[in-house]
$ cat work02.txt   # compact mmCIF, C-alpha atoms and all ligand atoms
# COMPACT_ATOMS: atom_id res chain seq x y z
CA MET A 1 -27.26 27.66 -38.96
CA LYS A 2 -23.96 26.47 -40.42
CA ASN A 3 -22.17 27.73 -37.30
CA LEU A 4 -24.62 25.92 -35.03
CA THR A 5 -24.12 22.64 -36.92
CA LEU A 6 -20.36 23.06 -36.63
CA LEU A 7 -20.64 23.74 -32.91
CA ILE A 8 -22.82 20.63 -32.37
CA LEU A 9 -20.40 18.49 -34.40
CA SER A 10 -17.43 19.77 -32.37
CA LEU A 11 -19.26 19.01 -29.15
CA ILE A 12 -20.07 15.46 -30.31
CA LEU A 13 -16.41 14.97 -31.29
CA LEU A 14 -15.25 16.30 -27.93
CA VAL A 15 -17.56 13.94 -26.03
CA ALA A 16 -16.51 11.00 -28.27
CA CYS A 17 -12.82 11.74 -27.66
CA LYS A 18 -13.38 12.02 -23.94
CA THR A 19 -15.30 8.71 -23.88
CA GLU A 20 -12.61 7.00 -25.90
CA ASN A 21 -9.88 8.27 -23.56
CA LYS A 22 -11.82 7.50 -20.40
CA PHE A 23 -9.86 5.12 -18.21
CA ASN A 24 -11.44 1.67 -18.33
CA VAL A 25 -11.37 0.06 -14.88
CA ASP A 26 -12.92 -3.23 -16.04
CA THR A 27 -10.41 -3.72 -18.86
CA ASN A 28 -7.55 -3.30 -16.40
CA LEU A 29 -9.15 -5.62 -13.83
CA ALA A 30 -9.55 -8.19 -16.63
CA TYR A 31 -5.83 -7.73 -17.39
CA CYS A 32 -5.02 -8.43 -13.71
CA LYS A 33 -7.11 -11.61 -13.78
CA GLN A 34 -5.31 -12.75 -16.91
CA GLN A 35 -1.90 -12.23 -15.23
CA VAL A 36 -3.11 -14.08 -12.10
CA GLU A 37 -4.18 -17.00 -14.30
CA LYS A 38 -0.75 -17.03 -15.92
CA SER A 39 0.91 -17.07 -12.47
CA LEU A 40 -1.16 -19.80 -10.81
CA PRO A 41 0.15 -22.88 -12.69
CA HIS A 42 3.64 -22.06 -11.35
CA LEU A 43 2.46 -21.82 -7.74
CA GLU A 44 1.69 -25.31 -6.57
CA LYS A 45 3.02 -24.99 -3.02
CA SER A 46 0.61 -22.82 -1.02
CA ASP A 47 3.19 -21.88 1.59
CA MET A 48 5.45 -20.28 -1.01
CA MET A 49 4.26 -16.76 -1.83
CA PRO A 50 5.17 -14.68 -4.90
CA ARG A 51 7.51 -11.81 -4.04
CA ASN A 52 9.34 -10.48 -7.11
CA ILE A 53 10.49 -10.98 -10.69
CA ILE A 54 13.81 -9.27 -11.09
CA SER A 55 15.20 -10.59 -14.33
CA ASP A 56 14.03 -9.64 -17.82
CA THR A 57 14.40 -13.26 -18.90
CA ILE A 58 12.23 -14.82 -16.17
CA LYS A 59 8.45 -14.68 -16.44
CA SER A 60 7.23 -16.37 -13.27
CA TRP A 61 7.42 -15.24 -9.66
CA HIS A 62 10.31 -15.79 -7.31
CA CYS A 63 8.63 -16.96 -4.08
CA THR A 64 9.30 -16.63 -0.35
CA GLY A 65 8.00 -18.41 2.74
CA ILE A 66 5.06 -17.29 4.86
CA ARG A 67 7.23 -15.47 7.43
CA ASP A 68 8.41 -12.92 4.88
CA TRP A 69 6.76 -9.50 5.37
CA THR A 70 5.25 -9.69 1.88
CA SER A 71 3.46 -13.03 2.34
CA GLY A 72 -0.06 -11.56 2.62
CA PHE A 73 -0.04 -9.66 -0.66
CA TRP A 74 -0.53 -12.62 -3.01
CA PRO A 75 -3.58 -14.00 -1.13
CA GLY A 76 -4.83 -10.38 -1.01
CA ILE A 77 -4.46 -10.07 -4.79
CA LEU A 78 -6.43 -13.30 -5.19
CA TRP A 79 -9.23 -11.92 -2.97
CA TYR A 80 -9.42 -8.70 -5.00
CA THR A 81 -9.39 -10.73 -8.23
CA TYR A 82 -12.21 -12.88 -6.88
CA GLU A 83 -14.10 -9.76 -5.78
CA SER A 84 -14.02 -8.31 -9.28
CA ALA A 85 -14.48 -11.50 -11.33
CA LYS A 86 -16.58 -13.68 -8.96
CA ASP A 87 -14.77 -16.70 -10.38
CA THR A 88 -14.94 -19.74 -8.07
CA THR A 89 -11.59 -21.11 -9.29
CA ILE A 90 -9.94 -17.92 -8.03
CA LEU A 91 -11.95 -18.18 -4.78
CA LYS A 92 -10.51 -21.66 -4.14
CA GLU A 93 -6.99 -20.34 -4.76
CA ALA A 94 -7.59 -17.37 -2.44
CA GLU A 95 -8.71 -19.81 0.26
CA ARG A 96 -5.78 -22.15 -0.34
CA PHE A 97 -3.15 -19.42 -0.01
CA SER A 98 -4.94 -17.71 2.91
CA GLU A 99 -5.06 -20.91 4.94
CA ALA A 100 -1.34 -21.37 4.38
CA LEU A 101 -0.77 -18.22 6.45
CA TYR A 102 -2.45 -19.55 9.64
CA PRO A 103 0.83 -20.71 11.28
CA ILE A 104 2.09 -17.12 11.33
CA VAL A 105 0.14 -16.45 14.53
CA ASN A 106 1.89 -19.30 16.33
CA TYR A 107 5.19 -17.42 16.24
CA LYS A 108 6.10 -14.70 18.72
CA ALA A 109 5.78 -11.32 16.95
CA ASP A 110 9.28 -10.17 16.08
CA ASN A 111 8.34 -7.20 13.88
CA HIS A 112 5.44 -4.90 12.97
CA ASP A 113 4.62 -6.61 9.67
CA LEU A 114 1.84 -8.87 10.99
CA GLY A 115 -0.69 -6.37 9.69
CA PHE A 116 0.60 -6.52 6.11
CA MET A 117 0.79 -10.31 6.33
CA LEU A 118 -2.62 -11.01 7.85
CA TYR A 119 -4.85 -8.03 7.13
CA CYS A 120 -4.14 -7.76 3.38
CA SER A 121 -4.90 -11.47 3.07
CA LEU A 122 -7.35 -12.74 5.70
CA GLY A 123 -8.75 -9.24 6.28
CA ASN A 124 -9.95 -9.12 2.69
CA GLY A 125 -10.99 -12.77 2.91
CA TYR A 126 -13.11 -12.07 6.00
CA ARG A 127 -14.66 -8.97 4.42
CA LEU A 128 -15.78 -11.07 1.45
CA THR A 129 -16.72 -14.39 3.12
CA GLN A 130 -17.19 -13.82 6.87
CA ASN A 131 -15.19 -17.03 7.42
CA HIS A 132 -14.92 -17.34 11.22
CA GLN A 133 -11.50 -19.00 11.05
CA TYR A 134 -10.09 -15.91 9.33
CA LYS A 135 -11.61 -13.79 12.09
CA GLU A 136 -10.03 -15.92 14.80
CA ILE A 137 -6.57 -15.70 13.22
CA LEU A 138 -6.92 -11.94 12.66
CA LEU A 139 -7.84 -11.38 16.31
CA ARG A 140 -4.88 -13.46 17.48
CA GLY A 141 -2.62 -11.58 15.06
CA ALA A 142 -3.76 -8.20 16.41
CA ASP A 143 -3.08 -9.30 20.01
CA SER A 144 0.32 -10.58 18.98
CA LEU A 145 1.22 -7.28 17.24
CA ALA A 146 0.11 -5.27 20.27
CA VAL A 147 2.76 -7.00 22.39
CA LEU A 148 5.33 -4.84 20.56
CA TYR A 149 3.69 -1.64 21.84
CA ASN A 150 5.74 0.33 24.35
CA PRO A 151 3.49 2.58 26.49
CA LYS A 152 6.37 4.83 27.56
CA VAL A 153 7.17 5.71 23.95
CA GLY A 154 3.59 5.31 22.73
CA THR A 155 4.43 3.35 19.58
CA ILE A 156 4.99 -0.18 18.35
CA ASN A 157 8.61 -1.34 18.25
CA SER A 158 8.76 -1.96 14.48
CA TRP A 159 12.02 -3.87 14.19
CA PRO A 160 13.03 -5.21 17.64
CA GLY A 161 15.81 -7.23 16.00
CA PHE A 162 17.59 -4.04 14.86
CA ASN A 163 17.85 -2.28 18.21
CA LYS A 164 20.90 -4.05 19.53
CA LYS A 165 22.82 -3.78 16.28
CA MET A 166 22.02 -0.08 15.91
CA ASN A 167 22.41 0.74 19.58
CA TRP A 168 18.76 1.82 19.84
CA HIS A 169 16.23 0.95 22.55
CA HIS A 170 13.15 1.12 20.38
CA ASN A 171 12.44 2.08 16.77
CA THR A 172 9.37 2.91 14.74
CA ILE A 173 9.27 3.03 10.96
CA ILE A 174 6.79 4.99 8.85
CA ASP A 175 5.64 1.74 7.15
CA ASN A 176 4.24 0.68 10.54
CA MET A 177 1.29 3.07 9.99
CA LEU A 178 -0.29 0.50 7.66
CA ASN A 179 -0.20 -2.16 10.35
CA LEU A 180 -2.49 -0.16 12.61
CA GLU A 181 -5.46 -1.15 10.45
CA ILE A 182 -5.61 -4.69 11.86
CA LEU A 183 -5.69 -3.20 15.39
CA TYR A 184 -8.64 -0.95 14.55
CA TRP A 185 -10.39 -3.85 12.85
CA ALA A 186 -9.86 -6.16 15.85
CA ALA A 187 -11.19 -3.56 18.31
CA LYS A 188 -14.42 -3.41 16.27
CA ASN A 189 -14.73 -7.17 15.83
CA GLY A 190 -14.58 -8.66 19.29
CA GLY A 191 -11.00 -7.81 20.26
CA SER A 192 -9.98 -5.55 23.14
CA PRO A 193 -10.91 -1.83 22.76
CA LYS A 194 -7.33 -1.16 23.94
CA LEU A 195 -6.11 -2.18 20.47
CA ALA A 196 -7.71 0.90 18.89
CA LYS A 197 -6.20 3.10 21.61
CA ILE A 198 -2.75 1.66 20.87
CA ALA A 199 -3.24 2.34 17.16
CA THR A 200 -4.33 5.93 17.73
CA HIS A 201 -1.53 6.67 20.17
CA HIS A 202 1.02 5.19 17.75
CA ALA A 203 -0.37 7.44 14.97
CA GLU A 204 -0.24 10.54 17.18
CA ILE A 205 3.38 9.96 18.23
CA THR A 206 4.34 9.19 14.62
CA MET A 207 2.60 12.40 13.49
CA ASN A 208 4.69 14.37 15.97
CA ASN A 209 8.04 12.78 15.26
CA HIS A 210 8.24 11.38 11.75
CA PHE A 211 7.63 14.58 9.76
CA ARG A 212 10.17 17.23 8.88
CA GLU A 213 9.11 20.84 8.49
CA ASP A 214 8.37 20.38 4.78
CA PHE A 215 6.21 17.32 5.57
CA SER A 216 8.64 14.81 4.07
CA THR A 217 9.09 11.78 6.33
CA TYR A 218 11.96 10.08 8.06
CA HIS A 219 11.99 6.35 7.47
CA VAL A 220 13.00 5.33 11.01
CA ILE A 221 12.73 7.13 14.35
CA ALA A 222 14.78 5.75 17.24
CA TYR A 223 13.36 6.31 20.72
CA ASP A 224 14.71 6.21 24.25
CA THR A 225 12.58 3.88 26.36
CA ILE A 226 13.51 5.57 29.65
CA THR A 227 12.43 9.08 28.64
CA GLY A 228 10.09 7.95 25.86
CA LYS A 229 11.63 10.65 23.65
CA LYS A 230 12.86 10.62 20.04
CA VAL A 231 16.63 10.30 19.81
CA ALA A 232 17.26 10.15 16.06
CA GLY A 233 15.65 10.22 12.64
CA VAL A 234 17.42 7.97 10.15
CA THR A 235 16.90 5.92 7.02
CA HIS A 236 17.18 2.24 6.23
CA GLN A 237 15.82 1.96 2.70
CA GLY A 238 16.16 5.56 1.54
CA TYR A 239 19.07 7.48 0.00
CA SER A 240 20.10 9.26 3.21
CA ASP A 241 18.88 10.17 6.69
CA SER A 242 17.67 13.53 5.38
CA SER A 243 16.20 12.35 2.07
CA MET A 244 12.60 11.56 1.17
CA TRP A 245 12.22 7.86 0.42
CA ALA A 246 9.26 7.65 -1.96
CA ARG A 247 7.55 4.57 -0.55
CA GLY A 248 7.92 5.88 3.00
CA GLN A 249 6.04 9.01 1.94
CA SER A 250 3.34 6.80 0.36
CA TRP A 251 3.00 4.77 3.55
CA ALA A 252 2.46 8.06 5.41
CA ILE A 253 -0.28 9.21 3.00
CA TYR A 254 -2.04 5.85 3.13
CA GLY A 255 -1.61 5.37 6.89
CA PHE A 256 -2.89 8.78 7.98
CA THR A 257 -5.83 8.57 5.55
CA MET A 258 -6.77 5.22 7.10
CA CYS A 259 -6.34 6.59 10.64
CA TYR A 260 -8.65 9.48 9.77
CA ARG A 261 -11.23 6.95 8.54
CA GLU A 262 -11.01 5.12 11.87
CA THR A 263 -10.87 8.10 14.27
CA LYS A 264 -12.19 11.17 12.40
CA ASP A 265 -9.36 13.12 14.06
CA PRO A 266 -8.92 16.17 11.76
CA GLU A 267 -5.18 16.29 12.56
CA PHE A 268 -4.75 12.93 10.84
CA LEU A 269 -6.59 14.22 7.78
CA LYS A 270 -4.41 17.35 7.70
CA THR A 271 -1.29 15.20 8.00
CA ALA A 272 -2.35 12.98 5.09
CA GLN A 273 -3.02 16.10 3.00
CA LYS A 274 0.31 17.74 3.80
CA ALA A 275 2.18 14.50 3.08
CA THR A 276 0.33 14.30 -0.25
CA GLU A 277 1.25 17.85 -1.17
CA ARG A 278 4.91 17.03 -0.55
CA PHE A 279 4.69 13.80 -2.58
CA PHE A 280 3.54 15.70 -5.67
CA ARG A 281 6.16 18.40 -5.40
CA ASP A 282 8.99 17.42 -7.81
CA ILE A 283 7.06 14.43 -9.18
CA PRO A 284 8.03 13.40 -12.75
CA GLU A 285 5.56 14.16 -15.53
CA ASP A 286 4.04 10.68 -15.54
CA TYR A 287 3.47 10.86 -11.74
CA ILE A 288 5.59 7.79 -10.99
CA PRO A 289 8.21 8.93 -8.44
CA TYR A 290 11.90 8.19 -8.41
CA TRP A 291 12.61 5.69 -5.61
CA ASP A 292 14.00 8.54 -3.45
CA TYR A 293 13.35 12.22 -4.20
CA ASP A 294 16.90 13.20 -3.24
CA ASP A 295 18.92 10.67 -5.22
CA PRO A 296 21.51 12.84 -7.02
CA ALA A 297 21.32 10.44 -9.99
CA ILE A 298 17.85 11.82 -10.91
CA PRO A 299 16.76 11.83 -13.79
CA ASN A 300 18.73 8.62 -14.23
CA ALA A 301 17.62 7.09 -10.93
CA PRO A 302 15.20 4.13 -10.73
CA ARG A 303 11.48 4.74 -10.41
CA ASP A 304 9.23 3.13 -7.83
CA ALA A 305 5.88 2.01 -9.23
CA SER A 306 4.97 0.60 -5.79
CA ALA A 307 5.07 4.06 -4.19
CA ALA A 308 2.82 5.31 -6.99
CA ALA A 309 0.35 2.44 -6.52
CA VAL A 310 0.16 2.92 -2.71
CA THR A 311 -0.40 6.66 -3.14
CA CYS A 312 -3.00 6.12 -5.87
CA SER A 313 -5.09 3.80 -3.70
CA ALA A 314 -4.77 6.18 -0.72
CA LEU A 315 -5.82 9.24 -2.75
CA ILE A 316 -9.00 7.55 -3.93
CA GLU A 317 -9.92 7.16 -0.26
CA LEU A 318 -8.63 10.62 0.74
CA SER A 319 -10.82 12.22 -1.93
CA GLN A 320 -13.86 10.90 -0.04
CA TYR A 321 -12.97 12.75 3.17
CA VAL A 322 -12.67 16.32 1.94
CA ASP A 323 -15.68 18.60 1.61
CA ASP A 324 -14.27 21.11 -0.86
CA PRO A 325 -15.16 19.84 -4.38
CA LYS A 326 -11.95 21.39 -5.75
CA GLU A 327 -9.81 19.39 -3.31
CA LYS A 328 -11.80 16.23 -4.00
CA ASP A 329 -11.22 16.75 -7.69
CA ASN A 330 -7.54 17.42 -7.15
CA TYR A 331 -7.02 14.09 -5.33
CA MET A 332 -9.09 12.12 -7.85
CA GLN A 333 -7.29 13.70 -10.80
CA LYS A 334 -3.92 12.82 -9.29
CA ALA A 335 -5.07 9.24 -8.58
CA MET A 336 -6.34 8.93 -12.16
CA LYS A 337 -3.12 10.25 -13.60
CA ILE A 338 -1.16 7.64 -11.60
CA ILE A 339 -3.45 4.76 -12.53
CA GLU A 340 -3.34 5.76 -16.20
CA SER A 341 0.46 5.78 -16.14
CA LEU A 342 0.63 2.47 -14.29
CA SER A 343 -1.80 0.96 -16.80
CA SER A 344 0.25 2.04 -19.81
CA ALA A 345 2.61 -0.12 -21.87
CA GLU A 346 5.52 1.50 -20.03
CA TYR A 347 4.50 0.16 -16.61
CA GLN A 348 2.26 -2.89 -17.16
CA SER A 349 4.21 -6.15 -17.48
CA ARG A 350 1.84 -7.62 -20.11
CA ASP A 351 3.79 -10.32 -22.04
CA LYS A 352 7.10 -9.50 -20.35
CA ASN A 353 6.24 -11.47 -17.20
CA ASN A 354 3.32 -12.72 -15.08
CA ALA A 355 3.14 -9.76 -12.68
CA PHE A 356 0.84 -6.77 -13.22
CA LEU A 357 3.53 -4.09 -13.12
CA LEU A 358 7.20 -3.35 -13.84
CA HIS A 359 9.55 -0.67 -12.41
CA ALA A 360 9.09 -1.02 -8.64
CA THR A 361 12.10 -0.54 -6.38
CA GLY A 362 12.37 -2.50 -3.13
CA HIS A 363 15.65 -1.80 -1.35
CA LYS A 364 18.02 0.30 -3.42
CA PRO A 365 20.78 0.74 -0.77
CA ASN A 366 20.88 -3.05 -0.51
CA ASN A 367 21.01 -3.28 -4.29
CA SER A 368 17.94 -5.52 -4.28
CA GLU A 369 14.70 -5.41 -6.28
CA ILE A 370 15.54 -2.40 -8.43
CA GLU A 371 13.08 -1.52 -11.23
CA ALA A 372 11.54 -4.95 -10.72
CA SER A 373 8.08 -6.48 -10.51
CA ILE A 374 7.26 -6.61 -6.79
CA ILE A 375 4.17 -8.16 -5.26
CA TYR A 376 3.12 -5.16 -3.15
CA ALA A 377 3.14 -2.85 -6.19
CA ASP A 378 0.63 -5.24 -7.76
CA TYR A 379 -1.44 -5.46 -4.57
CA TYR A 380 -1.96 -1.70 -4.23
CA TYR A 381 -2.53 -1.38 -8.00
CA ILE A 382 -5.40 -3.87 -7.97
CA GLU A 383 -6.71 -2.34 -4.71
CA ALA A 384 -6.84 1.07 -6.46
CA LEU A 385 -8.72 -0.49 -9.40
CA ILE A 386 -11.20 -2.15 -7.03
CA ARG A 387 -11.72 1.16 -5.21
CA LEU A 388 -12.40 2.92 -8.51
CA LYS A 389 -14.87 0.19 -9.47
CA GLN A 390 -16.67 0.56 -6.14
CA LEU A 391 -16.87 4.32 -6.51
CA ASN A 392 -18.19 4.00 -10.08
CA GLU A 393 -20.80 1.43 -9.10
CA THR A 394 -21.95 2.55 -5.65
CA GLY A 395 -20.56 6.05 -5.15
CA LYS A 396 -18.75 4.91 -1.99
CA LEU A 397 -15.90 2.73 -0.72
CA PHE A 398 -16.17 -0.37 1.48
N1 LIG B 401 7.71 -2.23 4.46
C1 LIG B 401 8.90 -2.45 3.78
C2 LIG B 401 9.01 -1.69 2.51
O1 LIG B 401 8.22 -0.82 2.22
O2 LIG B 401 9.93 -2.01 1.77
$ encode --input "work02.txt" --output "structure tokens"
Amino acid sequence: MKNLTLLILSLILLVACKTENKFNVDTNLAYCKQQVEKSLPHLEKSDMMPRNIISDTIKSWHCTGIRDWTSGFWPGILWYTYESAKDTTILKEAERFSEALYPIVNYKADNHDLGFMLYCSLGNGYRLTQNHQYKEILLRGADSLAVLYNPKVGTINSWPGFNKKMNWHHNTIIDNMLNLEILYWAAKNGGSPKLAKIATHHAEITMNNHFREDFSTYHVIAYDTITGKKVAGVTHQGYSDSSMWARGQSWAIYGFTMCYRETKDPEFLKTAQKATERFFRDIPEDYIPYWDYDDPAIPNAPRDASAAAVTCSALIELSQYVDDPKEKDNYMQKAMKIIESLSSAEYQSRDKNNAFLLHATGHKPNNSEIEASIIYADYYYIEALIRLKQLNETGKLF
């Protein structure tokens, strides 16, 4: 009898401990809302978008104009904040900053980033409000991005401005995978069906050329436009041409997971899984990667919280596409470990500044945005929280 009582008490204690330690999505979403509310009074001009906070002594965002590749993340954060809090003041702000992005589609596309800029902002806005103006701009944006597609190579020319300087004809960067989502969306929402074909072909060619044997990724692949063939694999933001740049690997995991969602091509799923396996090899104990896995300065190299946030959000989705419960569990456990680390005092900005997170690294070789607060780290962090909330409440993702 005494033994049974002891056993029951231990079980109750175990359950209590587990409950106490359980990650609280709502508390962290409330934290994000609080940081957004601290940021807003400093952001009067709607066409100036938060980008980074790099100094320990500055609390509010350094902003950039709407043509910067990061301009869609702040409106996107506002949409996610509105989605979780249903606060009409935040809704008005999300609308104000989203509308400020409209002129982007009047410029000729000069890089692949239109997807980041428009889909993270107006894409979320349209999903939540069905505003027809957002739809119109998104469709124009997708058409504009598709102009950069080269049918001989089979991919989008990510950085046309770099080709001359680098003596390339055409280049495609791994980040470009994320910008295929607006093409798939447009093809399903009144745009040309060709847009989805372009996206799928781009993903196939990237799958064939961007991965090394160990499933780490090159940042940039240069192509010959006469033969359509790959001519070089190099880096721009990583440590070296042969190194694994952490955020590039995250873009690959996220991009191929999304392409599997849109096509159900099992090769895309396999690619996302292999890229994930590589990401977690040599990961530090807290699951926040160094900015580049091959920086010889490790363990004294900077971390990149943005790569962790992108991977976390992607893994929550990836976990939904595998049948084996063990694999599902594996992806969810890894996502939870990342989100717990990101939500700790080590990585959340809290009173230090108005962002959500610290310790993201933007462009180390350029010596810019190192161990800083960066807007896209925050965007993918809140997206991961929203995905967890959706899974908890409905058992599925949007
Ligand atoms: N897409 C640019 C970057 O990841 O820094």
$ closest_residue --input "work02.txt" --among "A:Tyr347, A:Tyr126, A:Trp69, A:Tyr239" --to "ligand LIG 401 (chain B)" --atoms "only C-alpha atoms and all ligand atoms"
A:Trp69
$ residues_around --input "work02.txt" --residues "region 39-53 of chain A" --least-positions-apart "6" --cutoff "7 Å" --atoms "only C-alpha atoms" --output "list in words"
Ser60, Trp61, His62, Cys63, Thr64, Gly65, Ile66, Thr70, Ser71, Trp74, Arg96, Phe97, Ala100, Asn354, Ala372, Ser373, Ile374 and Ile375 of chain A
$ residues_near_ligand --input "work02.txt" --ligand "ligand LIG 401 (chain B)" --cutoff "12 Å" --atoms "only C-alpha atoms and all ligand atoms" --output "MDAnalysis selection string"
chainID A and resid 51 68:71 73 111:117 158:159 172:179 219:220 235:238 245:252 291 304 306:307 310 360:366 368:370 374:377
$ atom_distance --input "work02.txt" --atom1 "CA of Arg350 (chain A)" --atom2 "CA of Tyr82 (chain A)"
20.0 Å
$ atom_distance --input "work02.txt" --atom1 "CA of Asp286 (chain A)" --atom2 "CA of Gln333 (chain A)"
12.6 Å
$ residues_around --input "work02.txt" --residues "Lys188 (chain A)" --least-positions-apart "3" --cutoff "12 Å" --atoms "all atoms listed in the file" --output "list in words"
Lys135, Leu138, Leu139, Ala142, Glu181, Ile182, Leu183, Tyr184, Trp185, Gly191, Ser192, Pro193, Lys194, Leu195, Ala196, Lys197 and Glu262 of chain A
$ closest_residue --input "work02.txt" --among "A:Ile137, A:Ile316, A:Val25, A:Ile54" --to "Lys334 (chain A)" --atoms "all atoms listed in the file"
A:Ile316
$ atom_distance --input "work02.txt" --atom1 "CA of Tyr134 (chain A)" --atom2 "CA of Glu99 (chain A)"
8.3 Å
$ residues_near_point --input "work02.txt" --point "(21.3, 3.3, 20.2)" --cutoff "10 Å" --atoms "only C-alpha atoms" --output "VMD selection string"
chain A and resid 162 to 171 222 to 224 231 to 232
$ closest_residue --input "work02.txt" --among "A:Gln390, A:Gln348, A:Thr200, A:Ser240" --to "Tyr218 (chain A)" --atoms "all atoms listed in the file"
A:Ser240
$ residues_around --input "work02.txt" --residues "region 391-396 of chain A" --least-positions-apart "3" --cutoff "10 Å" --atoms "all atoms listed in the file" --output "PyMOL selection string"
chain A and resi 25+316-317+320+385-388
$ axis_aligned_box --input "work02.txt" --around "region 61-75 of chain A" --padding-each-side "8 Å" --output "AutoDock Vina command-line options"
--center_x 3.4 --center_y -14.0 --center_z -1.1 --size_x 29.9 --size_y 24.9 --size_z 33.1
$ closest_residue --input "work02.txt" --among "A:Ile58, A:Leu180, A:Leu91, A:Val153" --to "Cys259 (chain A)" --atoms "only C-alpha atoms"
A:Leu180
$ residues_around --input "work02.txt" --residues "Pro289 (chain A)" --least-positions-apart "2" --cutoff "9 Å" --atoms "only C-alpha atoms" --output "number ranges by chain"
A: 246, 279-280, 282-284, 286-287, 291-293, 302-305, 307-308
$ closest_residue --input "work02.txt" --among "A:Thr81, A:Asn131, A:Thr217, A:Asn24" --to "Met244 (chain A)" --atoms "only C-alpha atoms"
A:Thr217
